[in-house]
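Okay, so here's the structure we're looking at.
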Amino acid sequence: MPELTLAPEDWQAIALTAKLAAVTLSILFVIGVPLAWWLARTRSRLGSLVSALVAVPLVLPPTVLGFYLLVLLGPQGPVGRLTEALGLGLLPFSFPGLVVASTLFSLPFVVQPLQATFSAIGERMLEVAATLGAGPFDTFWHVVLPLSRPGLLSAAVLGFAHTLGEFGVVLMIGGNIPGRTQVLSIAIYNRVEAFEYAHAHLLAGGLLAFSFVALLALQFINRAGVGAPGMLRGGA
Amino acid sequence: MSGVEARFRLQREGFSLDVALGLPGSGVSVLFGPSGCGKTSVLRCAAGLTRADEGVMRIGEECWQDSGTGRWLPTHRRPLGYVFQEPSLFPHLSVRGNLAFAGKRCGRRDPPDGDLLELLAIDGLLDRMPSALSGGERQRVAIARALGTSPRLLLMDEPLAALDAPRKREILPYLERLHQELSIPVLYVTHALEEVARLADHLVLMEQGRVVMAGPVGEVMASLESPLAATDQAAVVVDARVSGHDASYGLTRLDVNGVELWTARVSCEVGHRLRLRIHARDVSLALFRPEGSSITNILPAVIEAIAGERAGDDAMQCLVRLRTASGARLLARVTRRSRDLLALEPGMVVYAQIKAVVPVI
């Protein structure tokens, strides 16, 4: 009969993972919303280039991304030298390093749904807002964002869930330091390596359930948004 | 100088626009022409939605753009109202929210103007979402919203084109009432002659990115040189006043500057002003006052000009412009054979027999 409670280090991993996902998602929105807006609106060729760059993590093995980040951020890498010169120390094997890596890795999961939503809004709504006296920022805040609510939710859920589940990048850049860089997926790996399957089940099952519930909730929210415009009612 | 000056030059692949318009500072100026002639481009340039390569846009003393001095106000800084072809309400806001969006941004916090809501009959729709409105209702809300910014100029881009015929008939009376109430100039784009006849004070005819003819609607419509003259739609519009009804025959008597015309009964009170459309094809000519004719409306008139047969046109027919005693112009379409048999010539006095007088308001 296996012991079915989580050990303190499991809780540590869960807390660290949640923190990582939350911080990463916040940064992803700060970067991703303007970036997606620009990609949705630009007609320049630079747009295609940036689009492709953002999508690279979708096809690249996470270990490859992690490896290059390690090289780039390490003591011999240009970014590593910069962070050291600025007195920030080295990013690999630290929480900030994990945040940087997760942000890059999850970027397409936030930017792509946002870009699709922004593109779907169409020129006309923006023109209407302009003829009613709304400047570009006003229009973005009061027309584009409210109309993009389903896309914003998708992006948030996908970005969060994807960050929760990453393994390869984290392993390369963060290592396996309990309490500092040991996230949930790595904790599961450790449990499996140690043949502690019951613990692995508990953690893996929890992650599975969370991901499923999050996606299910997203489905419901989006469906409600389509069926009942009242969901999207703004203040008058 | 209180008028509207709009000059735009725009070069795009396969299309060029080159217009210079001086429009009156009040009333409805209609831009009329076939699809793709640049009417909408003029409107978009005026609003700053499209930036012309060279352009000047002035309303009275205000200058919105002048490529000569480099002045350029972006759309959201121009005090204008714009009604798009398809009703473009914000789907995430109620009718009230849509109207408030406009009001807030021109510094007005008070609720939308009750008279306007009543005039457009949308005062009962305020709490509805746009998805719960009919096409006609949406367009009426869009018009109210455009006027909610207290604009100096109202631009309307074929506001009826996206609606079916019953919805058009539903909205036109509201536009006519607006026409009478509004003190700001309106620039109205359409390719429907019906709307020209009903709404225009000033008419600008456009073809292939150029202005072909512009002036008061009565003059442009009665011109033999206008592109309209060559079509089956050639007609004049005249303003009339209801001077009496004949209930027993179901007729209404109209007064056009002292000349009397009869038409099928219209349900307007005596003294009401309305607009008539008289098609050239409904007017025939006689050298002497016809006796025993079934046609009620027979007026003496002087032939002002006769349009020759244009190459490629209905070579069988020609168009005659007449001036009646009241000064009102008429167009008559007659065959070339009749013209020769009657020896019609400018300066002759003839009798115009008007088969149909169509009130458009």
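Residues are named by chain letter and number: chains run A, B, ... in the order of the structure tokens, numbers start at 1 in each chain, and ligands are numbered from 1 in the order shown.
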
Write out as a PDB file with all heavy atoms, in the first residue's frame the residues lying within 9 Å of Gln182 of chain A, counting only C-alpha atoms and excluding same-chain residues fewer than 2 positions away.
```pdb
ATOM      1  N   GLN A  12       6.841  21.888  -2.938  1.00  0.00           N
ATOM      2  CA  GLN A  12       7.785  22.913  -3.378  1.00  0.00           C
ATOM      3  C   GLN A  12       7.771  23.029  -4.905  1.00  0.00           C
ATOM      4  O   GLN A  12       7.718  24.127  -5.462  1.00  0.00           O
ATOM      5  CB  GLN A  12       9.182  22.526  -2.922  1.00  0.00           C
ATOM      6  CG  GLN A  12       9.910  23.634  -2.228  1.00  0.00           C
ATOM      7  CD  GLN A  12      11.203  23.107  -1.598  1.00  0.00           C
ATOM      8  OE1 GLN A  12      11.725  22.042  -1.981  1.00  0.00           O
ATOM      9  NE2 GLN A  12      11.729  23.842  -0.642  1.00  0.00           N
ATOM     10  N   ALA A  13       7.802  21.854  -5.558  1.00  0.00           N
ATOM     11  CA  ALA A  13       7.814  21.838  -7.023  1.00  0.00           C
ATOM     12  C   ALA A  13       6.511  22.434  -7.579  1.00  0.00           C
ATOM     13  O   ALA A  13       6.520  23.194  -8.551  1.00  0.00           O
ATOM     14  CB  ALA A  13       8.003  20.421  -7.537  1.00  0.00           C
ATOM     15  N   LEU A  16       6.561  26.189  -7.085  1.00  0.00           N
ATOM     16  CA  LEU A  16       7.510  26.809  -8.010  1.00  0.00           C
ATOM     17  C   LEU A  16       6.930  26.843  -9.426  1.00  0.00           C
ATOM     18  O   LEU A  16       7.036  27.841 -10.145  1.00  0.00           O
ATOM     19  CB  LEU A  16       8.825  26.019  -7.998  1.00  0.00           C
ATOM     20  CG  LEU A  16       9.940  26.666  -8.801  1.00  0.00           C
ATOM     21  CD1 LEU A  16      10.508  27.860  -8.031  1.00  0.00           C
ATOM     22  CD2 LEU A  16      11.052  25.663  -9.093  1.00  0.00           C
ATOM     23  N   THR A  17       6.287  25.750  -9.808  1.00  0.00           N
ATOM     24  CA  THR A  17       5.707  25.668 -11.155  1.00  0.00           C
ATOM     25  C   THR A  17       4.601  26.707 -11.335  1.00  0.00           C
ATOM     26  O   THR A  17       4.533  27.389 -12.362  1.00  0.00           O
ATOM     27  CB  THR A  17       5.147  24.252 -11.391  1.00  0.00           C
ATOM     28  OG1 THR A  17       6.166  23.303 -11.091  1.00  0.00           O
ATOM     29  CG2 THR A  17       4.698  24.090 -12.822  1.00  0.00           C
ATOM     30  N   VAL A 170      13.467  23.525 -19.533  1.00  0.00           N
ATOM     31  CA  VAL A 170      13.705  23.773 -18.122  1.00  0.00           C
ATOM     32  C   VAL A 170      14.895  22.947 -17.637  1.00  0.00           C
ATOM     33  O   VAL A 170      15.763  23.423 -16.897  1.00  0.00           O
ATOM     34  CB  VAL A 170      12.439  23.432 -17.311  1.00  0.00           C
ATOM     35  CG1 VAL A 170      12.745  23.433 -15.821  1.00  0.00           C
ATOM     36  CG2 VAL A 170      11.348  24.425 -17.624  1.00  0.00           C
ATOM     37  N   LEU A 171      14.952  21.723 -18.100  1.00  0.00           N
ATOM     38  CA  LEU A 171      16.030  20.843 -17.670  1.00  0.00           C
ATOM     39  C   LEU A 171      17.373  21.401 -18.131  1.00  0.00           C
ATOM     40  O   LEU A 171      18.359  21.399 -17.384  1.00  0.00           O
ATOM     41  CB  LEU A 171      15.807  19.442 -18.248  1.00  0.00           C
ATOM     42  CG  LEU A 171      16.647  18.342 -17.609  1.00  0.00           C
ATOM     43  CD1 LEU A 171      16.280  18.183 -16.130  1.00  0.00           C
ATOM     44  CD2 LEU A 171      16.453  17.028 -18.335  1.00  0.00           C
ATOM     45  N   GLY A 174      17.593  25.189 -16.435  1.00  0.00           N
ATOM     46  CA  GLY A 174      17.368  25.341 -15.006  1.00  0.00           C
ATOM     47  C   GLY A 174      18.020  24.252 -14.179  1.00  0.00           C
ATOM     48  O   GLY A 174      18.262  24.420 -12.988  1.00  0.00           O
ATOM     49  N   GLY A 175      18.239  23.129 -14.807  1.00  0.00           N
ATOM     50  CA  GLY A 175      18.765  22.003 -14.066  1.00  0.00           C
ATOM     51  C   GLY A 175      17.676  21.398 -13.199  1.00  0.00           C
ATOM     52  O   GLY A 175      16.496  21.436 -13.560  1.00  0.00           O
ATOM     53  N   ASN A 176      18.049  20.913 -12.063  1.00  0.00           N
ATOM     54  CA  ASN A 176      17.135  20.100 -11.278  1.00  0.00           C
ATOM     55  C   ASN A 176      17.351  20.434  -9.807  1.00  0.00           C
ATOM     56  O   ASN A 176      17.570  19.557  -8.974  1.00  0.00           O
ATOM     57  CB  ASN A 176      17.476  18.627 -11.580  1.00  0.00           C
ATOM     58  CG  ASN A 176      16.360  17.706 -11.145  1.00  0.00           C
ATOM     59  OD1 ASN A 176      15.445  18.135 -10.446  1.00  0.00           O
ATOM     60  ND2 ASN A 176      16.453  16.446 -11.533  1.00  0.00           N
ATOM     61  N   ILE A 177      17.321  21.712  -9.475  1.00  0.00           N
ATOM     62  CA  ILE A 177      17.643  22.138  -8.119  1.00  0.00           C
ATOM     63  C   ILE A 177      16.354  22.285  -7.312  1.00  0.00           C
ATOM     64  O   ILE A 177      15.543  23.168  -7.597  1.00  0.00           O
ATOM     65  CB  ILE A 177      18.391  23.489  -8.126  1.00  0.00           C
ATOM     66  CG1 ILE A 177      19.574  23.423  -9.085  1.00  0.00           C
ATOM     67  CG2 ILE A 177      18.845  23.857  -6.727  1.00  0.00           C
ATOM     68  CD1 ILE A 177      20.182  24.775  -9.422  1.00  0.00           C
ATOM     69  N   PRO A 178      16.112  21.410  -6.340  1.00  0.00           N
ATOM     70  CA  PRO A 178      14.859  21.491  -5.581  1.00  0.00           C
ATOM     71  C   PRO A 178      14.682  22.871  -4.967  1.00  0.00           C
ATOM     72  O   PRO A 178      15.636  23.444  -4.429  1.00  0.00           O
ATOM     73  CB  PRO A 178      15.036  20.418  -4.490  1.00  0.00           C
ATOM     74  CG  PRO A 178      16.077  19.488  -5.021  1.00  0.00           C
ATOM     75  CD  PRO A 178      16.985  20.322  -5.878  1.00  0.00           C
ATOM     76  N   GLY A 179      13.474  23.381  -5.066  1.00  0.00           N
ATOM     77  CA  GLY A 179      13.161  24.682  -4.455  1.00  0.00           C
ATOM     78  C   GLY A 179      13.591  25.866  -5.301  1.00  0.00           C
ATOM     79  O   GLY A 179      13.111  26.978  -5.104  1.00  0.00           O
ATOM     80  N   ARG A 180      14.484  25.664  -6.251  1.00  0.00           N
ATOM     81  CA  ARG A 180      14.919  26.796  -7.073  1.00  0.00           C
ATOM     82  C   ARG A 180      14.517  26.629  -8.531  1.00  0.00           C
ATOM     83  O   ARG A 180      13.961  27.537  -9.138  1.00  0.00           O
ATOM     84  CB  ARG A 180      16.434  26.985  -6.967  1.00  0.00           C
ATOM     85  CG  ARG A 180      16.827  27.710  -5.665  1.00  0.00           C
ATOM     86  CD  ARG A 180      18.302  27.948  -5.598  1.00  0.00           C
ATOM     87  NE  ARG A 180      18.757  28.761  -6.703  1.00  0.00           N
ATOM     88  CZ  ARG A 180      20.032  28.852  -7.079  1.00  0.00           C
ATOM     89  NH1 ARG A 180      20.957  28.165  -6.444  1.00  0.00           N
ATOM     90  NH2 ARG A 180      20.379  29.620  -8.084  1.00  0.00           N
ATOM     91  N   LEU A 184       7.429  20.958 -11.709  1.00  0.00           N
ATOM     92  CA  LEU A 184       6.581  19.770 -11.578  1.00  0.00           C
ATOM     93  C   LEU A 184       6.990  18.654 -12.540  1.00  0.00           C
ATOM     94  O   LEU A 184       7.120  17.485 -12.134  1.00  0.00           O
ATOM     95  CB  LEU A 184       5.139  20.198 -11.839  1.00  0.00           C
ATOM     96  CG  LEU A 184       4.036  19.301 -11.304  1.00  0.00           C
ATOM     97  CD1 LEU A 184       4.271  18.944  -9.842  1.00  0.00           C
ATOM     98  CD2 LEU A 184       2.702  20.033 -11.445  1.00  0.00           C
ATOM     99  N   SER A 185       7.180  18.993 -13.788  1.00  0.00           N
ATOM    100  CA  SER A 185       7.463  17.945 -14.769  1.00  0.00           C
ATOM    101  C   SER A 185       8.779  17.234 -14.443  1.00  0.00           C
ATOM    102  O   SER A 185       8.924  16.035 -14.661  1.00  0.00           O
ATOM    103  CB  SER A 185       7.506  18.532 -16.179  1.00  0.00           C
ATOM    104  OG  SER A 185       8.443  19.579 -16.226  1.00  0.00           O
ATOM    105  N   ILE A 186       9.722  17.992 -13.884  1.00  0.00           N
ATOM    106  CA  ILE A 186      11.003  17.380 -13.527  1.00  0.00           C
ATOM    107  C   ILE A 186      10.860  16.556 -12.254  1.00  0.00           C
ATOM    108  O   ILE A 186      11.445  15.470 -12.132  1.00  0.00           O
ATOM    109  CB  ILE A 186      12.083  18.468 -13.393  1.00  0.00           C
ATOM    110  CG1 ILE A 186      12.360  19.039 -14.789  1.00  0.00           C
ATOM    111  CG2 ILE A 186      13.363  17.908 -12.785  1.00  0.00           C
ATOM    112  CD1 ILE A 186      13.270  20.224 -14.802  1.00  0.00           C
ATOM    113  N   ALA A 187      10.025  17.033 -11.342  1.00  0.00           N
ATOM    114  CA  ALA A 187       9.757  16.258 -10.134  1.00  0.00           C
ATOM    115  C   ALA A 187       9.142  14.913 -10.506  1.00  0.00           C
ATOM    116  O   ALA A 187       9.483  13.877  -9.924  1.00  0.00           O
ATOM    117  CB  ALA A 187       8.828  17.044  -9.209  1.00  0.00           C
TER     118      ALA A 187
END
```

Taking only C-alpha atoms into account, what are the residues of chain B at most 8 Å from chain A, put as number ranges by chain?
B: 47, 49, 75-82, 88, 90-94, 96-97, 100-102, 105-106, 129, 131, 146, 149

Find the spatial neighbours of Val99 of chain A, counting only C-alpha atoms, within a cut-off of 8 Å - ignore same-chain residues fewer than 5 positions away - and output them as an NGL selection string.
:A and (20 or 23-24)

Residues at most 7 Å from Gln65 of chain B, counting only C-alpha atoms, excluding those fewer than 6 positions away in the same chain, as a ChimeraX atom specification?
/B:55-57,71-73

Kindly export the residues of the current selection with N, CA and C atoms, as an mmCIF file, in the first residue's frame.
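The resulting file, selection-v2.cif, is shown below:
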```
data_model
loop_
_atom_site.group_PDB
_atom_site.id
_atom_site.type_symbol
_atom_site.label_atom_id
_atom_site.label_comp_id
_atom_site.auth_asym_id
_atom_site.auth_seq_id
_atom_site.Cartn_x
_atom_site.Cartn_y
_atom_site.Cartn_z
ATOM 1 N N GLY B 55 -4.048 66.733 -51.285
ATOM 2 C CA GLY B 55 -5.435 66.980 -50.897
ATOM 3 C C GLY B 55 -5.603 68.211 -50.038
ATOM 4 N N VAL B 56 -6.796 68.793 -50.170
ATOM 5 C CA VAL B 56 -7.185 69.916 -49.324
ATOM 6 C C VAL B 56 -8.589 69.613 -48.835
ATOM 7 N N MET B 57 -8.812 69.777 -47.530
ATOM 8 C CA MET B 57 -10.148 69.566 -46.980
ATOM 9 C C MET B 57 -10.423 70.680 -45.994
ATOM 10 N N ARG B 71 -0.505 70.333 -43.433
ATOM 11 C CA ARG B 71 -1.457 70.115 -42.343
ATOM 12 C C ARG B 71 -2.221 68.807 -42.559
ATOM 13 N N TRP B 72 -2.337 68.048 -41.478
ATOM 14 C CA TRP B 72 -3.059 66.778 -41.561
ATOM 15 C C TRP B 72 -3.668 66.437 -40.211
ATOM 16 N N LEU B 73 -4.980 66.383 -40.151
ATOM 17 C CA LEU B 73 -5.637 65.902 -38.936
ATOM 18 C C LEU B 73 -6.017 64.448 -39.167
#
```

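Shortest separation to Pro75 of chain A among A:Leu164, A:Leu126, A:Leu60, A:Leu91 occurs at residue A:Leu91, atoms counted being only C-alpha atoms.
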
In Å to one decimal, how far is atom CA of Ala209 of chain A from atom CA of Ile31 of chain A?
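Atom CA of Ile31 of chain A sits 28.9 Å away from atom CA of Ala209 of chain A.
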
Would you please extract all strand (DSSP E) residues from segment 41-228 of chain B, as assigned by DSSP on the backbone, and give them as a VMD selection string?
chain B and resid 54 to 59 62 to 66 71 to 72 80 to 83 153 to 157 186 to 190 202 to 207 210 to 216

Could you check the closest approach to Thr163 of chain A for each of A:Val110, A:Val64, A:Leu49, A:Val54 and tell me which residue wins, using only C-alpha atoms?
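For Thr163 of chain A, the nearest of the candidates is A:Val110.
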
When you count only C-alpha atoms, which of these residues is closest to Ile295 of chain B: B:Asn257, B:Gln353, B:Thr263, B:Ser16?
B:Gln353

As a PDB file with C-alpha atoms, in the first residue's frame, list the residues of segment 14-185 of chain A assigned to alpha helix (DSSP H) by DSSP on the backbone atoms of this structure.
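Result saved to states00.pdb:
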```pdb
ATOM      1  CA  ILE A  14       4.108  22.597  -7.400  1.00  0.00           C
ATOM      2  CA  ALA A  15       4.485  26.059  -5.880  1.00  0.00           C
ATOM      3  CA  LEU A  16       7.510  26.809  -8.010  1.00  0.00           C
ATOM      4  CA  THR A  17       5.707  25.668 -11.155  1.00  0.00           C
ATOM      5  CA  ALA A  18       2.642  27.773 -10.410  1.00  0.00           C
ATOM      6  CA  LYS A  19       4.827  30.794  -9.743  1.00  0.00           C
ATOM      7  CA  LEU A  20       6.798  30.206 -12.928  1.00  0.00           C
ATOM      8  CA  ALA A  21       3.623  29.870 -14.996  1.00  0.00           C
ATOM      9  CA  ALA A  22       2.067  32.979 -13.486  1.00  0.00           C
ATOM     10  CA  VAL A  23       5.153  35.160 -13.911  1.00  0.00           C
ATOM     11  CA  THR A  24       5.757  33.831 -17.421  1.00  0.00           C
ATOM     12  CA  LEU A  25       2.141  34.429 -18.441  1.00  0.00           C
ATOM     13  CA  SER A  26       2.258  38.012 -17.184  1.00  0.00           C
ATOM     14  CA  ILE A  27       5.394  38.700 -19.193  1.00  0.00           C
ATOM     15  CA  LEU A  28       3.929  36.878 -22.187  1.00  0.00           C
ATOM     16  CA  PHE A  29       0.922  39.191 -22.170  1.00  0.00           C
ATOM     17  CA  VAL A  30       3.015  42.318 -21.820  1.00  0.00           C
ATOM     18  CA  ILE A  31       5.118  41.257 -24.820  1.00  0.00           C
ATOM     19  CA  GLY A  32       2.580  39.154 -26.701  1.00  0.00           C
ATOM     20  CA  VAL A  33      -0.363  41.571 -26.918  1.00  0.00           C
ATOM     21  CA  PRO A  34       1.516  44.406 -28.656  1.00  0.00           C
ATOM     22  CA  LEU A  35       3.528  41.925 -30.719  1.00  0.00           C
ATOM     23  CA  ALA A  36       0.404  40.077 -31.898  1.00  0.00           C
ATOM     24  CA  TRP A  37      -1.300  43.400 -32.666  1.00  0.00           C
ATOM     25  CA  TRP A  38       1.655  44.514 -34.721  1.00  0.00           C
ATOM     26  CA  LEU A  39       1.799  41.164 -36.555  1.00  0.00           C
ATOM     27  CA  ALA A  40      -1.941  41.319 -37.247  1.00  0.00           C
ATOM     28  CA  ARG A  41      -1.710  44.836 -38.699  1.00  0.00           C
ATOM     29  CA  ARG A  45       8.008  41.716 -44.814  1.00  0.00           C
ATOM     30  CA  LEU A  46       9.549  42.059 -41.400  1.00  0.00           C
ATOM     31  CA  GLY A  47       6.198  40.797 -40.133  1.00  0.00           C
ATOM     32  CA  SER A  48       6.642  37.417 -41.843  1.00  0.00           C
ATOM     33  CA  LEU A  49      10.152  37.103 -40.469  1.00  0.00           C
ATOM     34  CA  VAL A  50       9.038  37.863 -36.919  1.00  0.00           C
ATOM     35  CA  SER A  51       6.058  35.533 -37.311  1.00  0.00           C
ATOM     36  CA  ALA A  52       8.386  32.689 -38.284  1.00  0.00           C
ATOM     37  CA  LEU A  53      10.780  33.453 -35.424  1.00  0.00           C
ATOM     38  CA  VAL A  54       7.952  33.459 -32.899  1.00  0.00           C
ATOM     39  CA  ALA A  55       6.740  30.088 -34.218  1.00  0.00           C
ATOM     40  CA  VAL A  56      10.150  28.378 -34.047  1.00  0.00           C
ATOM     41  CA  PRO A  57       9.563  26.846 -30.574  1.00  0.00           C
ATOM     42  CA  LEU A  58       6.542  25.015 -32.006  1.00  0.00           C
ATOM     43  CA  VAL A  59       8.743  22.819 -34.162  1.00  0.00           C
ATOM     44  CA  PRO A  62      12.895  21.928 -26.511  1.00  0.00           C
ATOM     45  CA  THR A  63      16.374  20.628 -25.747  1.00  0.00           C
ATOM     46  CA  VAL A  64      17.739  22.481 -28.754  1.00  0.00           C
ATOM     47  CA  LEU A  65      16.173  25.735 -27.624  1.00  0.00           C
ATOM     48  CA  GLY A  66      17.397  25.087 -24.112  1.00  0.00           C
ATOM     49  CA  PHE A  67      20.898  24.298 -25.324  1.00  0.00           C
ATOM     50  CA  TYR A  68      21.242  27.525 -27.284  1.00  0.00           C
ATOM     51  CA  LEU A  69      19.810  29.524 -24.413  1.00  0.00           C
ATOM     52  CA  LEU A  70      22.323  27.919 -22.088  1.00  0.00           C
ATOM     53  CA  VAL A  71      25.131  28.907 -24.430  1.00  0.00           C
ATOM     54  CA  LEU A  72      23.733  32.411 -24.914  1.00  0.00           C
ATOM     55  CA  LEU A  73      23.065  33.113 -21.250  1.00  0.00           C
ATOM     56  CA  PRO A  78      27.016  37.514 -25.108  1.00  0.00           C
ATOM     57  CA  VAL A  79      23.877  37.780 -22.988  1.00  0.00           C
ATOM     58  CA  GLY A  80      25.627  36.140 -20.056  1.00  0.00           C
ATOM     59  CA  ARG A  81      28.461  38.659 -20.226  1.00  0.00           C
ATOM     60  CA  LEU A  82      25.923  41.473 -20.382  1.00  0.00           C
ATOM     61  CA  THR A  83      23.961  40.274 -17.334  1.00  0.00           C
ATOM     62  CA  GLU A  84      27.200  39.853 -15.412  1.00  0.00           C
ATOM     63  CA  ALA A  85      28.406  43.308 -16.440  1.00  0.00           C
ATOM     64  CA  PHE A  95      14.461  31.196 -11.449  1.00  0.00           C
ATOM     65  CA  PRO A  96      14.842  34.288 -13.681  1.00  0.00           C
ATOM     66  CA  GLY A  97      16.617  32.037 -16.190  1.00  0.00           C
ATOM     67  CA  LEU A  98      13.608  29.713 -16.159  1.00  0.00           C
ATOM     68  CA  VAL A  99      11.303  32.675 -16.739  1.00  0.00           C
ATOM     69  CA  VAL A 100      13.308  33.831 -19.756  1.00  0.00           C
ATOM     70  CA  ALA A 101      13.351  30.345 -21.244  1.00  0.00           C
ATOM     71  CA  SER A 102       9.647  29.685 -20.584  1.00  0.00           C
ATOM     72  CA  THR A 103       8.678  33.015 -22.070  1.00  0.00           C
ATOM     73  CA  LEU A 104      10.452  32.269 -25.329  1.00  0.00           C
ATOM     74  CA  PHE A 105       9.185  28.713 -25.378  1.00  0.00           C
ATOM     75  CA  SER A 106       5.523  29.601 -24.781  1.00  0.00           C
ATOM     76  CA  LEU A 107       5.476  32.763 -26.894  1.00  0.00           C
ATOM     77  CA  PRO A 108       3.796  31.178 -29.950  1.00  0.00           C
ATOM     78  CA  PHE A 109       1.041  29.751 -27.762  1.00  0.00           C
ATOM     79  CA  VAL A 110       0.085  33.256 -26.736  1.00  0.00           C
ATOM     80  CA  VAL A 111       0.932  35.253 -29.859  1.00  0.00           C
ATOM     81  CA  GLN A 112      -0.774  32.990 -32.402  1.00  0.00           C
ATOM     82  CA  PRO A 113      -4.282  32.940 -30.874  1.00  0.00           C
ATOM     83  CA  LEU A 114      -4.031  36.672 -30.204  1.00  0.00           C
ATOM     84  CA  GLN A 115      -2.903  37.400 -33.737  1.00  0.00           C
ATOM     85  CA  ALA A 116      -5.792  35.347 -35.147  1.00  0.00           C
ATOM     86  CA  THR A 117      -8.316  37.199 -32.984  1.00  0.00           C
ATOM     87  CA  PHE A 118      -6.893  40.610 -33.787  1.00  0.00           C
ATOM     88  CA  SER A 119      -6.882  39.858 -37.520  1.00  0.00           C
ATOM     89  CA  ALA A 120     -10.521  38.778 -37.364  1.00  0.00           C
ATOM     90  CA  ILE A 121     -11.627  42.147 -36.017  1.00  0.00           C
ATOM     91  CA  GLY A 122     -11.148  43.823 -39.344  1.00  0.00           C
ATOM     92  CA  GLU A 123     -10.362  47.308 -40.518  1.00  0.00           C
ATOM     93  CA  ARG A 124     -13.953  48.528 -40.410  1.00  0.00           C
ATOM     94  CA  MET A 125     -14.362  48.493 -36.628  1.00  0.00           C
ATOM     95  CA  LEU A 126     -11.158  50.508 -36.263  1.00  0.00           C
ATOM     96  CA  GLU A 127     -12.324  53.008 -38.868  1.00  0.00           C
ATOM     97  CA  VAL A 128     -15.685  53.337 -37.153  1.00  0.00           C
ATOM     98  CA  ALA A 129     -13.951  54.045 -33.853  1.00  0.00           C
ATOM     99  CA  ALA A 130     -11.748  56.683 -35.512  1.00  0.00           C
ATOM    100  CA  THR A 131     -14.749  58.448 -37.069  1.00  0.00           C
ATOM    101  CA  PRO A 136      -5.508  54.521 -31.650  1.00  0.00           C
ATOM    102  CA  PHE A 137      -4.878  53.633 -27.985  1.00  0.00           C
ATOM    103  CA  ASP A 138      -8.479  54.398 -27.014  1.00  0.00           C
ATOM    104  CA  THR A 139      -9.667  52.187 -29.860  1.00  0.00           C
ATOM    105  CA  LEU A 145      -9.618  44.180 -26.432  1.00  0.00           C
ATOM    106  CA  PRO A 146     -13.329  43.748 -25.578  1.00  0.00           C
ATOM    107  CA  LEU A 147     -13.942  42.188 -28.990  1.00  0.00           C
ATOM    108  CA  ARG A 149     -12.071  38.443 -25.176  1.00  0.00           C
ATOM    109  CA  PRO A 150     -12.309  34.819 -26.386  1.00  0.00           C
ATOM    110  CA  GLY A 151      -8.871  35.044 -27.999  1.00  0.00           C
ATOM    111  CA  LEU A 152      -7.362  36.586 -24.870  1.00  0.00           C
ATOM    112  CA  LEU A 153      -8.761  33.733 -22.780  1.00  0.00           C
ATOM    113  CA  SER A 154      -7.470  31.098 -25.193  1.00  0.00           C
ATOM    114  CA  ALA A 155      -4.056  32.688 -25.173  1.00  0.00           C
ATOM    115  CA  ALA A 156      -4.004  32.828 -21.378  1.00  0.00           C
ATOM    116  CA  VAL A 157      -5.041  29.209 -20.925  1.00  0.00           C
ATOM    117  CA  LEU A 158      -2.696  27.891 -23.606  1.00  0.00           C
ATOM    118  CA  GLY A 159       0.242  29.981 -22.390  1.00  0.00           C
ATOM    119  CA  PHE A 160      -0.281  28.982 -18.772  1.00  0.00           C
ATOM    120  CA  ALA A 161      -0.858  25.292 -19.430  1.00  0.00           C
ATOM    121  CA  HIS A 162       2.060  25.051 -21.820  1.00  0.00           C
ATOM    122  CA  THR A 163       4.420  26.632 -19.314  1.00  0.00           C
ATOM    123  CA  LEU A 164       3.211  24.201 -16.640  1.00  0.00           C
ATOM    124  CA  GLY A 165       4.078  21.251 -18.763  1.00  0.00           C
ATOM    125  CA  GLY A 168      13.274  19.907 -21.914  1.00  0.00           C
ATOM    126  CA  VAL A 169      13.987  23.610 -21.882  1.00  0.00           C
ATOM    127  CA  VAL A 170      13.705  23.773 -18.122  1.00  0.00           C
ATOM    128  CA  LEU A 171      16.030  20.843 -17.670  1.00  0.00           C
ATOM    129  CA  MET A 172      18.668  22.377 -19.911  1.00  0.00           C
ATOM    130  CA  ILE A 173      18.539  25.909 -18.553  1.00  0.00           C
ATOM    131  CA  GLY A 174      17.368  25.341 -15.006  1.00  0.00           C
ATOM    132  CA  LEU A 184       6.581  19.770 -11.578  1.00  0.00           C
ATOM    133  CA  SER A 185       7.463  17.945 -14.769  1.00  0.00           C
TER     134      SER A 185
END
```

When you look at segment 180-189 of chain B with a cut-off of 8 Å (counting only C-alpha atoms), what residues show up, excluding the ones that are within fewer than 3 positions of it in the same chain? I need them as a PyMOL selection string.
chain B and resi 24-32+39-40+43+151-158+176-177

Leaving out Thr296 of chain B and any residue of its chain fewer than 5 positions from it, which residues lie within 8 Å of it when counting only C-alpha atoms, given as a list in words?
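Neighbouring residues, sequence-local ones excluded: Trp262, Gln353, Ile354 and Lys355 of chain B.
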
Saved selection, atoms kept: N, CA and C atoms, as a CSV table (one decimal), in the first residue's frame:
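Printed below is part.csv as written:
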```csv
chain,number,residue,atom,x,y,z
B,262,TRP,N,-51.5,68.3,-61.5
B,262,TRP,CA,-52.4,67.4,-60.8
B,262,TRP,C,-51.6,66.0,-60.7
B,353,GLN,N,-47.2,67.7,-72.6
B,353,GLN,CA,-48.2,66.9,-72.0
B,353,GLN,C,-47.5,65.9,-71.1
B,354,ILE,N,-47.8,66.1,-69.8
B,354,ILE,CA,-47.1,65.3,-68.8
B,354,ILE,C,-48.0,64.1,-68.3
B,355,LYS,N,-47.5,63.0,-68.7
B,355,LYS,CA,-48.3,61.8,-68.4
B,355,LYS,C,-48.3,61.4,-66.9
```
